[in-house]
file coords-v9.pdb (PDB, N, CA and C atoms)
MODEL        1
ATOM      1  N   MET A   1      97.759  57.639  81.945
ATOM      2  CA  MET A   1      97.930  59.060  81.709
ATOM      3  C   MET A   1      99.285  59.454  82.263
ATOM      4  N   ASN A   2     100.102  60.049  81.463
ATOM      5  CA  ASN A   2     101.362  60.602  81.922
ATOM      6  C   ASN A   2     101.187  62.109  82.012
ATOM      7  N   TYR A   3     101.976  62.753  82.865
ATOM      8  CA  TYR A   3     101.619  64.080  83.285
ATOM      9  C   TYR A   3     102.157  65.269  82.538
ATOM     10  N   ASP A   4     101.235  66.036  82.016
ATOM     11  CA  ASP A   4     101.393  67.393  81.532
ATOM     12  C   ASP A   4     100.430  68.157  82.429
ATOM     13  N   GLU A   5     100.946  69.002  83.286
ATOM     14  CA  GLU A   5     100.123  69.609  84.337
ATOM     15  C   GLU A   5      98.912  70.355  83.803
ATOM     16  N   GLY A   6      98.994  70.949  82.617
ATOM     17  CA  GLY A   6      97.866  71.687  82.074
ATOM     18  C   GLY A   6      96.639  70.830  81.845
ATOM     19  N   ALA A   7      96.823  69.645  81.261
ATOM     20  CA  ALA A   7      95.696  68.776  80.934
ATOM     21  C   ALA A   7      95.365  67.790  82.052
ATOM     22  N   MET A   8      96.245  67.678  83.015
ATOM     23  CA  MET A   8      96.108  66.666  84.051
ATOM     24  C   MET A   8      94.817  66.785  84.858
ATOM     25  N   LEU A   9      94.498  67.962  85.353
ATOM     26  CA  LEU A   9      93.302  68.097  86.203
ATOM     27  C   LEU A   9      92.020  67.807  85.429
ATOM     28  N   ASP A  10      91.974  68.165  84.136
ATOM     29  CA  ASP A  10      90.804  67.835  83.322
ATOM     30  C   ASP A  10      90.659  66.324  83.174
ATOM     31  N   GLU A  11      91.782  65.658  82.949
ATOM     32  CA  GLU A  11      91.765  64.200  82.817
ATOM     33  C   GLU A  11      91.326  63.551  84.127
ATOM     34  N   LEU A  12      91.842  64.048  85.244
ATOM     35  CA  LEU A  12      91.456  63.504  86.544
ATOM     36  C   LEU A  12      89.978  63.727  86.817
ATOM     37  N   GLU A  13      89.470  64.869  86.423
ATOM     38  CA  GLU A  13      88.041  65.153  86.623
ATOM     39  C   GLU A  13      87.190  64.146  85.855
ATOM     40  N   SER A  14      87.632  63.743  84.662
ATOM     41  CA  SER A  14      86.867  62.768  83.871
ATOM     42  C   SER A  14      86.902  61.368  84.500
ATOM     43  N   LEU A  15      87.910  61.089  85.327
ATOM     44  CA  LEU A  15      88.015  59.788  85.997
ATOM     45  C   LEU A  15      87.383  59.780  87.390
ATOM     46  N   LYS A  16      86.959  60.924  87.862
ATOM     47  CA  LYS A  16      86.395  61.029  89.209
ATOM     48  C   LYS A  16      85.201  60.085  89.370
ATOM     49  N   GLY A  17      85.200  59.335  90.483
ATOM     50  CA  GLY A  17      84.125  58.388  90.760
ATOM     51  C   GLY A  17      84.350  57.017  90.147
ATOM     52  N   GLN A  18      85.412  56.865  89.372
ATOM     53  CA  GLN A  18      85.711  55.587  88.724
ATOM     54  C   GLN A  18      86.852  54.868  89.443
ATOM     55  N   GLN A  19      86.949  53.584  89.218
ATOM     56  CA  GLN A  19      88.049  52.791  89.754
ATOM     57  C   GLN A  19      89.300  53.078  88.933
ATOM     58  N   VAL A  20      90.376  53.425  89.618
ATOM     59  CA  VAL A  20      91.626  53.772  88.947
ATOM     60  C   VAL A  20      92.795  53.041  89.597
ATOM     61  N   GLU A  21      93.912  53.060  88.891
ATOM     62  CA  GLU A  21      95.190  52.601  89.417
ATOM     63  C   GLU A  21      96.132  53.790  89.363
ATOM     64  N   VAL A  22      96.772  54.077  90.492
ATOM     65  CA  VAL A  22      97.701  55.203  90.588
ATOM     66  C   VAL A  22      99.088  54.631  90.857
ATOM     67  N   VAL A  23     100.044  54.952  89.985
ATOM     68  CA  VAL A  23     101.419  54.507  90.189
ATOM     69  C   VAL A  23     102.132  55.628  90.937
ATOM     70  N   TYR A  24     102.540  55.315  92.165
ATOM     71  CA  TYR A  24     103.181  56.287  93.052
ATOM     72  C   TYR A  24     104.447  55.662  93.627
ATOM     73  N   ASN A  25     105.583  56.250  93.324
ATOM     74  CA  ASN A  25     106.876  55.725  93.803
ATOM     75  C   ASN A  25     106.995  54.219  93.574
ATOM     76  N   ALA A  26     106.673  53.781  92.372
ATOM     77  CA  ALA A  26     106.781  52.385  91.925
ATOM     78  C   ALA A  26     105.769  51.439  92.580
ATOM     79  N   LEU A  27     104.828  51.949  93.368
ATOM     80  CA  LEU A  27     103.752  51.144  93.941
ATOM     81  C   LEU A  27     102.450  51.470  93.228
ATOM     82  N   ILE A  28     101.573  50.487  93.107
ATOM     83  CA  ILE A  28     100.276  50.708  92.466
ATOM     84  C   ILE A  28      99.196  50.726  93.536
ATOM     85  N   TYR A  29      98.477  51.837  93.590
ATOM     86  CA  TYR A  29      97.335  51.988  94.504
ATOM     87  C   TYR A  29      96.077  51.868  93.657
ATOM     88  N   ARG A  30      95.106  51.093  94.144
ATOM     89  CA  ARG A  30      93.841  50.921  93.435
ATOM     90  C   ARG A  30      92.707  51.428  94.314
ATOM     91  N   GLY A  31      91.771  52.116  93.680
ATOM     92  CA  GLY A  31      90.611  52.593  94.417
ATOM     93  C   GLY A  31      89.774  53.527  93.562
ATOM     94  N   GLU A  32      88.736  54.064  94.180
ATOM     95  CA  GLU A  32      87.861  55.022  93.501
ATOM     96  C   GLU A  32      88.477  56.409  93.613
ATOM     97  N   LEU A  33      88.617  57.076  92.491
ATOM     98  CA  LEU A  33      89.159  58.434  92.504
ATOM     99  C   LEU A  33      88.108  59.374  93.076
ATOM    100  N   ALA A  34      88.376  59.884  94.259
ATOM    101  CA  ALA A  34      87.427  60.774  94.936
ATOM    102  C   ALA A  34      87.635  62.220  94.536
ATOM    103  N   GLY A  35      88.839  62.560  94.111
ATOM    104  CA  GLY A  35      89.113  63.931  93.709
ATOM    105  C   GLY A  35      90.604  64.181  93.611
ATOM    106  N   ALA A  36      90.937  65.404  93.207
ATOM    107  CA  ALA A  36      92.347  65.780  93.073
ATOM    108  C   ALA A  36      92.475  67.288  93.140
ATOM    109  N   SER A  37      93.620  67.714  93.632
ATOM    110  CA  SER A  37      93.972  69.129  93.611
ATOM    111  C   SER A  37      95.266  69.236  92.813
ATOM    112  N   GLU A  38      95.855  70.408  92.732
ATOM    113  CA  GLU A  38      97.122  70.552  92.027
ATOM    114  C   GLU A  38      98.245  69.824  92.751
ATOM    115  N   ASP A  39      98.059  69.542  94.055
ATOM    116  CA  ASP A  39      99.114  68.945  94.863
ATOM    117  C   ASP A  39      98.884  67.489  95.265
ATOM    118  N   GLU A  40      97.629  67.033  95.267
ATOM    119  CA  GLU A  40      97.328  65.705  95.805
ATOM    120  C   GLU A  40      96.212  65.003  95.037
ATOM    121  N   VAL A  41      96.205  63.667  95.147
ATOM    122  CA  VAL A  41      95.137  62.832  94.608
ATOM    123  C   VAL A  41      94.503  62.101  95.785
ATOM    124  N   TYR A  42      93.176  62.004  95.780
ATOM    125  CA  TYR A  42      92.428  61.387  96.881
ATOM    126  C   TYR A  42      91.736  60.128  96.383
ATOM    127  N   LEU A  43      92.073  58.993  97.023
ATOM    128  CA  LEU A  43      91.497  57.710  96.646
ATOM    129  C   LEU A  43      90.718  57.108  97.804
ATOM    130  N   LYS A  44      89.605  56.466  97.477
ATOM    131  CA  LYS A  44      88.875  55.662  98.449
ATOM    132  C   LYS A  44      89.195  54.209  98.098
ATOM    133  N   THR A  45      90.042  53.587  98.916
ATOM    134  CA  THR A  45      90.438  52.201  98.661
ATOM    135  C   THR A  45      89.520  51.256  99.425
ATOM    136  N   ALA A  46      89.720  49.967  99.249
ATOM    137  CA  ALA A  46      88.902  48.971  99.943
ATOM    138  C   ALA A  46      89.075  49.059 101.455
ATOM    139  N   MET A  47      90.238  49.511 101.900
ATOM    140  CA  MET A  47      90.532  49.545 103.327
ATOM    141  C   MET A  47      90.344  50.914 103.972
ATOM    142  N   ASP A  48      90.632  51.997 103.241
ATOM    143  CA  ASP A  48      90.669  53.320 103.860
ATOM    144  C   ASP A  48      90.791  54.395 102.782
ATOM    145  N   TRP A  49      90.840  55.630 103.211
ATOM    146  CA  TRP A  49      91.118  56.751 102.319
ATOM    147  C   TRP A  49      92.622  56.929 102.193
ATOM    148  N   VAL A  50      93.084  57.256 101.002
ATOM    149  CA  VAL A  50      94.511  57.465 100.745
ATOM    150  C   VAL A  50      94.681  58.802 100.041
ATOM    151  N   THR A  51      95.650  59.593 100.508
ATOM    152  CA  THR A  51      96.015  60.850  99.862
ATOM    153  C   THR A  51      97.447  60.712  99.376
ATOM    154  N   LEU A  52      97.654  60.934  98.080
ATOM    155  CA  LEU A  52      98.982  60.798  97.489
ATOM    156  C   LEU A  52      99.440  62.133  96.913
ATOM    157  N   PRO A  53     100.672  62.543  97.223
ATOM    158  CA  PRO A  53     101.199  63.782  96.647
ATOM    159  C   PRO A  53     101.433  63.624  95.137
ATOM    160  N   MET A  54     101.082  64.630  94.367
ATOM    161  CA  MET A  54     101.260  64.604  92.912
ATOM    162  C   MET A  54     102.705  64.362  92.505
ATOM    163  N   GLU A  55     103.644  64.912  93.259
ATOM    164  CA  GLU A  55     105.041  64.856  92.828
ATOM    165  C   GLU A  55     105.597  63.440  92.705
ATOM    166  N   GLY A  56     105.016  62.457  93.376
ATOM    167  CA  GLY A  56     105.501  61.086  93.272
ATOM    168  C   GLY A  56     104.710  60.225  92.301
ATOM    169  N   ILE A  57     103.645  60.786  91.714
ATOM    170  CA  ILE A  57     102.781  60.018  90.818
ATOM    171  C   ILE A  57     103.350  60.049  89.401
ATOM    172  N   THR A  58     103.497  58.852  88.819
ATOM    173  CA  THR A  58     103.982  58.771  87.446
ATOM    174  C   THR A  58     102.888  58.409  86.457
ATOM    175  N   GLN A  59     101.791  57.824  86.952
ATOM    176  CA  GLN A  59     100.713  57.446  86.051
ATOM    177  C   GLN A  59      99.404  57.256  86.821
ATOM    178  N   ILE A  60      98.304  57.620  86.173
ATOM    179  CA  ILE A  60      96.968  57.298  86.675
ATOM    180  C   ILE A  60      96.201  56.751  85.483
ATOM    181  N   ARG A  61      95.602  55.590  85.694
ATOM    182  CA  ARG A  61      94.857  54.973  84.595
ATOM    183  C   ARG A  61      93.581  54.340  85.137
ATOM    184  N   LYS A  62      92.597  54.219  84.275
ATOM    185  CA  LYS A  62      91.351  53.551  84.653
ATOM    186  C   LYS A  62      91.673  52.093  84.943
ATOM    187  N   ALA A  63      91.172  51.573  86.054
ATOM    188  CA  ALA A  63      91.453  50.195  86.445
ATOM    189  C   ALA A  63      90.743  49.234  85.501
ATOM    190  N   GLU A  64      91.437  48.162  85.168
ATOM    191  CA  GLU A  64      90.821  47.123  84.350
ATOM    192  C   GLU A  64      89.978  46.249  85.274
ATOM    193  N   THR A  65      88.805  45.894  84.824
ATOM    194  CA  THR A  65      87.945  45.028  85.634
ATOM    195  C   THR A  65      88.399  43.590  85.474
ATOM    196  N   PRO A  66      88.425  42.836  86.560
ATOM    197  CA  PRO A  66      88.897  41.445  86.487
ATOM    198  C   PRO A  66      87.985  40.548  85.691
TER     199      PRO A  66
ENDMDL
END
call {"tool": "encode", "arguments": {"input": "coords-v9.pdb", "output": "structure tokens"}}
result
Amino acid sequence: MNYDEGAMLDELESLKGQQVEVVYNALIYRGELAGASEDEVYLKTAMDWVTLPMEGITQIRKAETP
């Protein structure tokens, strides 16, 4: 998903509770999408909780299962 702010929160809501990959400043974070606000995305990763600012996110996609 590439970002158009109007549709973004609806798309994120549809991915809530699913395993996702978030591209943030050229790094890929993987985890369960716990939620999102207009400013941040909240992930539950294997190690800990991660909060990422929206401004550095270039893509969020459903994680492919191995």
call {"tool": "select_by_dssp", "arguments": {"input": "coords-v9.pdb", "residues": "chain A", "states": "alpha helix (DSSP H)", "output": "ChimeraX atom specification"}}
result
/A:5-15
call {"tool": "resolve_selection", "arguments": {"input": "coords-v9.pdb", "expression": "the PyMOL selection byres ((chain A and resi 46) around 8)", "output": "NGL selection string"}}
result
:A and (30-32 or 43-45 or 47-49)
call {"tool": "atom_distance", "arguments": {"input": "coords-v9.pdb", "atom1": "atom CA of A:Val20", "atom2": "atom CA of A:Ala7"}}
result
17.5 Å
call {"tool": "resolve_selection", "arguments": {"input": "coords-v9.pdb", "expression": "the PyMOL selection byres (((chain A and resi 51 and name CA) around 8) and name CA)", "output": "list in words"}}
result
Glu40, Val41, Tyr42, Leu43, Trp49, Val50, Leu52 and Pro53 of chain A
call {"tool": "select_by_dssp", "arguments": {"input": "coords-v9.pdb", "residues": "chain A", "states": "strand (DSSP E or B)", "output": "NGL selection string"}}
result
:A and (19-24 or 27-36 or 40-44 or 49-53 or 57-62)
call {"tool": "closest_residue", "arguments": {"input": "coords-v9.pdb", "among": "A:Gln59, A:Leu9, A:Thr65, A:Asp39", "to": "A:Ala26", "atoms": "only C-alpha atoms"}}
result
A:Gln59
call {"tool": "atom_distance", "arguments": {"input": "coords-v9.pdb", "atom1": "atom CA of A:Glu38", "atom2": "atom CA of A:Glu64"}}
result
25.4 Å
call {"tool": "closest_residue", "arguments": {"input": "coords-v9.pdb", "among": "A:Met8, A:Gln18, A:Asn25, A:Ala36", "to": "A:Glu55", "atoms": "only C-alpha atoms"}}
result
A:Asn25
